[in-house]
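J.: I'd like to ask some things about the structure below.
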Amino acid sequence: MNKPLRRIALFCGILVLALLVRTNYIQYVRADELNANEHNRRVQIERYAHERGNIIVDGEPVTGSVETTDSDFTYKRVWKNGPMWAPVTGYSSQAFDSSQLESIEDGILTGNSDQLFFDRTLSMFTGEQKTGGNIVTTLNGAAQKAAFKGLGDKKGAVAALDPQTGAVLALASTPSYDPSVFAGNSMKDSDARQKLLQDKDKPMLNRALRETYPPGSTFKVVTAAAALENGLYTDIDEETDSPLPWRLPLSTNLLQNEGNIPCENASLREALRWSCNTVFGKMSNDLGNAKMIEQADKFGFNKEVFTPVRADASVYPKDNQPQNAMAGIGQASNRATPLQMAMVASAIANDGKLMQPYMVAQRQAPNLDVIYTHEKEQLSRPLSAENAQKVQQMMETVVADGTGTNAQIAGVTVGGKTGTAQHGLNNSEKPYAWFISYAKTDSGSPVAVAVVVEDGNANRDDISGGGLAAPIAKNVMKAVLDGK
Amino acid sequence: MSVVTNTTTIGAIDAPSRRNTELALVAFAVLISVFAYANVGLALHGELPAGMLGYGLGLALLGGVAHIAVRRFAPYADPLLLPLATLLNGLGLALIWRLDQSERFQSIKTFAPAASKQLMFSAVGVALMVVVLIALKDHRILQRYTYISMLVALVLLILPMFFPSVNGAKIWIKIPGVGTIQPGEFAKIIIAVFFAGYLMVKRDALALASRRFMGLYLPRGRDLGPILMVWAFSILILVFETDLGSSLLFFGMFVVMLYVATERTSWIVFGLLMSGAGAVGVATFEPHVQDRVTAWLDPFAGWGKEAASEQMAKSLMAFGSGGTLGTGLGQGNSDLIGFAANSDFILATVGEELGLAGMMAILLVYGLIVERGVRTALAARDPFGKLLAIGLSGSFAIQVFVVAGGVMGLIPLTGMTMPFMAAGGSSVIANWALIGILIRISDTARRPAPAPAPSPDAEMTQVVRP
């Protein structure tokens, strides 16, 4: 009986061998693939096993991490003053992924980025607890606070830039949300998120970057720039060829002005001061669609902007004659994000140079070594210095002695432009109040702002850019100036 | 190799008993387990666990008692069987204790720590082994109970049908006050006794009275009867108790023993054909089996839709995350597997926390037990002992293969326990009894032949008469 016994022994050996081969196959050959599997919760556990790095404003973190005990994720993200900073930071949830800076800079914040490879290797030897790196932002806490407070319980957004560098100084959007309420992965978090998603006021929409509005009269600044750049007019105080009333081309409709303002053959300066629709509508028509698109593109229209958080593309489309004329006063199919209009104001304030907007100043390794510093970068040159200064003079007149007097700051030169954008079918909806402006000191302009308020609660007749939006812009500019 | 020369009745007289080797190895096995405890405690709580001394002493006591029993009642037994079983049992205890510490499990209301119970079951198991060694002076006594064994095995296998199914399989019986028992684990040993007894008697008839047909030896109908019966029986278990593992185990064991008894390769072919036919037949109408097969073919396809599939995928991910060297005891997340993590899926914890290296070591320990069992069969001097030893070690090998292969996705998952390591009273107790019987057979096999009785006649011829 020993021969079959030896064969059985061999058979048992083969069984064990098969198991050995299999375990090698899973644990060696397939290990990486299994570890990268989307269902593998270990990836998530590891991700939350150590403290996430912080997003820093004015040298202080606006984020934090707390230890939790309610799940296998050790650390949970928290935000200081979440609703105010949410449009900047985005959210980072154990259950619902992340967005904006929290998402884009996730590699640094978790400490898993390849840029931190050396750092990680080092701490492996020193035995330090792994933590994430920090993101130092360009934001100005006081300006952000002024913007957020100014918007209050109204719907709207504020974007403020440093015209000389492109640094984002404020980025507010209301109504906002507190990302802390769904940072965990419990049912409570899930319910809180559902509630936010179903809110008809869309609190999770970043209106400063992701919502495009008809820019209204603020767009007349772009039209004026196009007129100067293309030599349609060279002197801002010469009379323009602007009949009143003016009939829209290929149409029987007469373009109206607000009230009884002196617009007939008004100079560029006067036309902007009073916000004459007839003058700028005709100007846009005289320049034509192609030239208007060209100028808008130079200001950054028609493509997405990455700050590095993506901002929706503002549009100035190809259009027919009457639509192009209307677009010249910001009332047709052209639309802009608050960031875009802040870029327009900043380019003018910076003597015609448009800087690339950015909000990540530095990336820091967990040991606070700086591993990346943003270098300022020119995005385009929408207009010559000479023409930019002409537009500045016009905008300064608006604030000094026009529709934008609410933005005046004692002892500081401020330029601005109001806008009251009609929208809805036959302008049935309540209009959006716009204000774009910049402040100027001896050493150039430190701040340009765009404010939009879409207030459904205000009395329709009270809505105007000068009344609703200009005071907010003023406070933001003041906050930046006071900090200098 | 000196041991091998000792297999004939007139071999070397003074073969070493190797009892001291056994003692050293048992001590080593206990030590490794205690280190495993310390490791888990340090990793999870940063301190030596409070229960370490208790478990260590308990395990040392079990190993010591078992060793003394072997020294006293089976002095010539194989010196490796006991230490290997002690090592697996001890490591299993440490792993179960580690899973007891899982916060994920502790948050489940129905969860109950299993380590202390397992220690108790191990004690019962070792006690049963000692009883086997004391009561069973010679394994050939079991031969007398061939047909009673068959009856008992049948009863044990049929019993669970009258109890409600647990998690899709009817393999448990519930005794109020005692808990649940898996009679199948015990039936495995008893049925091996029956097979050995039956085949020893019938082996010549099965081997020789056959017709040659297409290159194969076909047995006679009347000899084929019992085989068909076993086949039908394993299918019935599969159908009524939806226990793929046990049916595979019983049928595999029977084929192995039949082959050894008859030395006819044709039996293996028949065995494979019949089990194949049975499995395919049952799989076509039994949804429980179908689930297991689909879960095996692509575990990730059924993620979120099907529990079996998800558990299989989780098991694979546990193995994968362990990698070559493992995360270290207590530092993995094998408890993510959830249900049955400390019983059927205990190997996933080994894979994750001890890594590929640990898995290979554990598999080799199982392989060694099987190898010592087969060696015992080779050494046994009587056909009954040979058959019983190969039946037990063969079934042990098949069980290890089926369970380990199942959790590693090599074959469809069947839901049996990993001998000695998995939490579960019946399994530990039954396997200690199995080791006891193997030790008894090896003791008989390695026992030096008594010195030939002095022959007066022979002596006379030596005498030079004056």
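All residue names refer to the structure tokens as shown: chains lettered A, B, ... in order, residues numbered from 1 in each chain, ligands numbered from 1 in order.
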Each residue of chain A with at least one atom at most 12 Å from chain B should appear once, together with its nearest atom pair and the corresponding distance in Å (one decimal); atoms considered: only C-alpha atoms; ordering: chain, then increasing residue number; output as a tab-separated table.
T.:
residue	atom	partner	partner_atom	distance
A:Met1	CA	B:Val260	CA	6.2
A:Asn2	CA	B:Leu378	CA	6.1
A:Lys3	CA	B:Glu263	CA	7.8
A:Pro4	CA	B:Val260	CA	5.1
A:Leu5	CA	B:Val260	CA	6.1
A:Arg6	CA	B:Leu378	CA	8.0
A:Arg7	CA	B:Val260	CA	9.0
A:Ile8	CA	B:Val256	CA	7.3
A:Ala9	CA	B:Val374	CA	6.2
A:Leu10	CA	B:Glu371	CA	9.5
A:Phe11	CA	B:Gly394	CA	9.3
A:Cys12	CA	B:Ala397	CA	6.2
A:Gly13	CA	B:Gly367	CA	7.2
A:Ile14	CA	B:Gly367	CA	10.0
A:Leu15	CA	B:Phe401	CA	6.2
A:Val16	CA	B:Gly367	CA	6.1
A:Leu17	CA	B:Leu363	CA	9.0
A:Ala18	CA	B:Gly405	CA	8.4
A:Leu19	CA	B:Gly405	CA	6.3
A:Leu20	CA	B:Met360	CA	6.2
A:Val21	CA	B:Met360	CA	9.4
A:Arg22	CA	B:Leu410	CA	6.8
A:Thr23	CA	B:Leu356	CA	6.7
A:Asn24	CA	B:Leu356	CA	6.5
A:Tyr25	CA	B:Gly320	CA	9.4
A:Ile26	CA	B:Gly320	CA	5.9
A:Gln27	CA	B:Gly320	CA	4.7
A:Tyr28	CA	B:Gly323	CA	5.9
A:Val29	CA	B:Gly320	CA	8.9
A:Arg30	CA	B:Gly320	CA	6.6
A:Ala31	CA	B:Gly320	CA	4.1
A:Asp32	CA	B:Gly320	CA	7.2
A:Glu33	CA	B:Gly320	CA	8.1
A:Leu34	CA	B:Met317	CA	5.4
A:Asn35	CA	B:Ser321	CA	5.8
A:Ala36	CA	B:Met317	CA	9.3
A:Asn37	CA	B:Met317	CA	8.1
A:Glu38	CA	B:Phe300	CA	10.0
A:His39	CA	B:Trp303	CA	8.1
A:Asn40	CA	B:Met317	CA	6.7
A:Arg41	CA	B:Leu336	CA	8.1
A:Arg42	CA	B:Asn333	CA	7.0
A:Val43	CA	B:Ser321	CA	9.8
A:Gln44	CA	B:Asn333	CA	11.5
A:Ile45	CA	B:Asn333	CA	9.0
A:Glu46	CA	B:Asn333	CA	10.4
A:Thr69	CA	B:Glu103	CA	9.8
A:Asp70	CA	B:Ser107	CA	9.6
A:Ser71	CA	B:Arg104	CA	8.0
A:Asp72	CA	B:Arg104	CA	7.5
A:Phe73	CA	B:Arg104	CA	11.3
J.: Identify, on the basis of only C-alpha atoms, every residue whose closest approach to Thr137 of chain A does not exceed 8 Å; exclude the query and any residue fewer than 4 positions from it along the same chain; express the result as JSON, numbers by chain.
T.: {"A": [55, 56, 57, 58, 359, 360, 361, 362]}
J.: Give me the residues near Ala279 of chain B as an mmCIF file with C-alpha atoms, in the first residue's frame, where near means some atom within 8 Å (using only C-alpha atoms) and where sequence neighbours in that chain fewer than 4 positions away do not count.
T.:
data_model
loop_
_atom_site.group_PDB
_atom_site.id
_atom_site.type_symbol
_atom_site.label_atom_id
_atom_site.label_comp_id
_atom_site.auth_asym_id
_atom_site.auth_seq_id
_atom_site.Cartn_x
_atom_site.Cartn_y
_atom_site.Cartn_z
ATOM 1 C CA ILE B 235 -24.538 15.355 -2.900
ATOM 2 C CA SER B 275 -17.627 14.807 -7.937
ATOM 3 C CA ALA B 283 -24.723 24.188 -9.040
#
J.: Within 9 Å of segment 259-269 of chain A, counting only C-alpha atoms, which residues show up once you throw out same-chain ones fewer than 6 positions away? Write them as a VMD selection string, please.
T.: chain A and resid 224 233 235 to 245 275 to 280 390 to 391 393 to 395 397 to 398
J.: Atom CA of Trp296 of chain B and atom CA of Ile411 of chain B are how many Å apart?
T.: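 These atoms are spaced 6.8 Å apart.
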J.: Determine which residues of segment 9-229 of chain B DSSP labels as helix (DSSP H, G or I) from the backbone of this structure, then write them out as a VMD selection string.
T.: chain B and resid 19 to 45 52 to 73 81 to 100 103 to 106 115 to 135 139 to 162 183 to 208 221 to 229
J.: Near segment 304-316 of chain A, within 6 Å and counting only C-alpha atoms, which residues show up once chain neighbours fewer than 5 positions away are dropped, as a list in words?
T.: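 Counting only C-alpha atoms, the residues come to Gln100, Leu209, Arg210, Ile293, Asn334, Arg335, Ala336, Thr337, Pro357, Tyr358 and Met359 of chain A.
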J.: Please produce a file of those selected residues containing C-alpha atoms, as an mmCIF file, in the first residue's frame.
T.:
data_model
loop_
_atom_site.group_PDB
_atom_site.id
_atom_site.type_symbol
_atom_site.label_atom_id
_atom_site.label_comp_id
_atom_site.auth_asym_id
_atom_site.auth_seq_id
_atom_site.Cartn_x
_atom_site.Cartn_y
_atom_site.Cartn_z
ATOM 1 C CA GLN A 100 -11.593 73.534 -4.549
ATOM 2 C CA LEU A 209 -16.055 81.865 -9.514
ATOM 3 C CA ARG A 210 -18.761 79.601 -10.808
ATOM 4 C CA ILE A 293 -14.774 89.947 -28.837
ATOM 5 C CA ASN A 334 -22.478 88.252 -22.680
ATOM 6 C CA ARG A 335 -22.001 87.053 -19.149
ATOM 7 C CA ALA A 336 -19.243 87.439 -16.599
ATOM 8 C CA THR A 337 -18.169 86.001 -13.287
ATOM 9 C CA PRO A 357 -5.078 85.712 -10.676
ATOM 10 C CA TYR A 358 -3.816 83.253 -8.072
ATOM 11 C CA MET A 359 -4.537 82.404 -4.484
#
J.: Any idea what the distance is between atom CA of Val124 of chain B and atom CA of Ile189 of chain B?
T.: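 It comes out at 16.7 Å.
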J.: Report as a PDB file with all heavy atoms, in the first residue's frame all protein, DNA and RNA residues lying within 9 Å of Val66 of chain A, evaluated on only C-alpha atoms, omitting residues in the same chain fewer than 6 positions from it.
T.:
ATOM      1  N   GLU A  51      -2.970  63.955  10.777  1.00  0.00           N
ATOM      2  CA  GLU A  51      -3.512  65.304  10.642  1.00  0.00           C
ATOM      3  C   GLU A  51      -3.284  65.855   9.253  1.00  0.00           C
ATOM      4  O   GLU A  51      -2.193  65.769   8.700  1.00  0.00           O
ATOM      5  CB  GLU A  51      -2.871  66.227  11.672  1.00  0.00           C
ATOM      6  CG  GLU A  51      -3.528  66.148  13.020  1.00  0.00           C
ATOM      7  CD  GLU A  51      -3.003  67.221  13.943  1.00  0.00           C
ATOM      8  OE1 GLU A  51      -3.271  68.404  13.682  1.00  0.00           O
ATOM      9  OE2 GLU A  51      -2.318  66.862  14.906  1.00  0.00           O
ATOM     10  N   THR A  74      -9.461  58.583  11.859  1.00  0.00           N
ATOM     11  CA  THR A  74      -9.002  59.211  13.097  1.00  0.00           C
ATOM     12  C   THR A  74      -9.236  60.716  13.097  1.00  0.00           C
ATOM     13  O   THR A  74      -9.708  61.271  14.067  1.00  0.00           O
ATOM     14  CB  THR A  74      -7.500  58.938  13.286  1.00  0.00           C
ATOM     15  OG1 THR A  74      -7.265  57.582  12.936  1.00  0.00           O
ATOM     16  CG2 THR A  74      -7.099  59.139  14.722  1.00  0.00           C
ATOM     17  N   TYR A  75      -8.875  61.373  11.996  1.00  0.00           N
ATOM     18  CA  TYR A  75      -8.961  62.826  11.988  1.00  0.00           C
ATOM     19  C   TYR A  75     -10.054  63.330  11.060  1.00  0.00           C
ATOM     20  O   TYR A  75     -10.296  62.754  10.003  1.00  0.00           O
ATOM     21  CB  TYR A  75      -7.626  63.432  11.575  1.00  0.00           C
ATOM     22  CG  TYR A  75      -6.580  63.325  12.654  1.00  0.00           C
ATOM     23  CD1 TYR A  75      -5.627  62.324  12.622  1.00  0.00           C
ATOM     24  CD2 TYR A  75      -6.580  64.212  13.718  1.00  0.00           C
ATOM     25  CE1 TYR A  75      -4.676  62.216  13.613  1.00  0.00           C
ATOM     26  CE2 TYR A  75      -5.635  64.105  14.714  1.00  0.00           C
ATOM     27  CZ  TYR A  75      -4.685  63.121  14.663  1.00  0.00           C
ATOM     28  OH  TYR A  75      -3.757  63.012  15.651  1.00  0.00           O
ATOM     29  N   LYS A  76     -10.669  64.407  11.479  1.00  0.00           N
ATOM     30  CA  LYS A  76     -11.723  65.021  10.692  1.00  0.00           C
ATOM     31  C   LYS A  76     -11.358  66.480  10.460  1.00  0.00           C
ATOM     32  O   LYS A  76     -10.757  67.124  11.310  1.00  0.00           O
ATOM     33  CB  LYS A  76     -13.043  64.917  11.456  1.00  0.00           C
ATOM     34  CG  LYS A  76     -14.258  65.305  10.664  1.00  0.00           C
ATOM     35  CD  LYS A  76     -15.522  64.903  11.396  1.00  0.00           C
ATOM     36  CE  LYS A  76     -16.036  66.056  12.242  1.00  0.00           C
ATOM     37  NZ  LYS A  76     -17.400  65.797  12.733  1.00  0.00           N
ATOM     38  N   ARG A  77     -11.731  66.998   9.293  1.00  0.00           N
ATOM     39  CA  ARG A  77     -11.429  68.370   8.955  1.00  0.00           C
ATOM     40  C   ARG A  77     -12.386  69.321   9.663  1.00  0.00           C
ATOM     41  O   ARG A  77     -13.581  69.037   9.743  1.00  0.00           O
ATOM     42  CB  ARG A  77     -11.590  68.533   7.443  1.00  0.00           C
ATOM     43  CG  ARG A  77     -11.092  69.849   6.887  1.00  0.00           C
ATOM     44  CD  ARG A  77      -9.695  70.074   7.236  1.00  0.00           C
ATOM     45  NE  ARG A  77      -8.897  70.701   6.194  1.00  0.00           N
ATOM     46  CZ  ARG A  77      -7.626  71.007   6.370  1.00  0.00           C
ATOM     47  NH1 ARG A  77      -7.048  70.728   7.522  1.00  0.00           N
ATOM     48  NH2 ARG A  77      -6.934  71.550   5.402  1.00  0.00           N
ATOM     49  N   VAL A  78     -11.876  70.406  10.186  1.00  0.00           N
ATOM     50  CA  VAL A  78     -12.752  71.474  10.690  1.00  0.00           C
ATOM     51  C   VAL A  78     -12.285  72.805  10.100  1.00  0.00           C
ATOM     52  O   VAL A  78     -11.143  72.939   9.674  1.00  0.00           O
ATOM     53  CB  VAL A  78     -12.743  71.587  12.228  1.00  0.00           C
ATOM     54  CG1 VAL A  78     -13.508  70.451  12.852  1.00  0.00           C
ATOM     55  CG2 VAL A  78     -11.328  71.647  12.755  1.00  0.00           C
TER      56      VAL A  78
END
J.: Just checking: using only C-alpha atoms, which residue out of B:Arg19, B:Pro419, B:Val26, B:Pro450 ends up closest to Arg72 of chain B?
T.: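 Closest to Arg72 of chain B, using only C-alpha atoms: B:Arg19.
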J.: Write out as a list of chain:residue names each polymer residue whose atoms come within 7 Å of Leu151 of chain A, counting only C-alpha atoms; drop sequence neighbours fewer than 4 positions from it.
T.: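 Everything that qualifies: A:Ala147, A:Gly156, A:Thr174.
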J.: With only C-alpha atoms as the basis for distance, which of B:Arg98, B:Arg440, B:Lys117, B:Lys109 is at the shortest distance from Ile141 of chain B?
T.: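 Selected residue with least distance to Ile141 of chain B: B:Arg440.
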J.: For Asp119 of chain A, which of A:Asn387, A:Ala183, A:Thr223, A:Thr131 is the closest residue, counting only C-alpha atoms?
T.: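 Closest to Asp119 of chain A of all the choices is A:Thr131.
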J.: Compare A:Gly152, A:Pro163, A:Pro214, A:Pro61 by their minimum atom-to-atom distance to Ser443 of chain A, counting only C-alpha atoms, and give me the closest one.
T.: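 Among the listed residues, the smallest separation from Ser443 of chain A belongs to A:Pro163.
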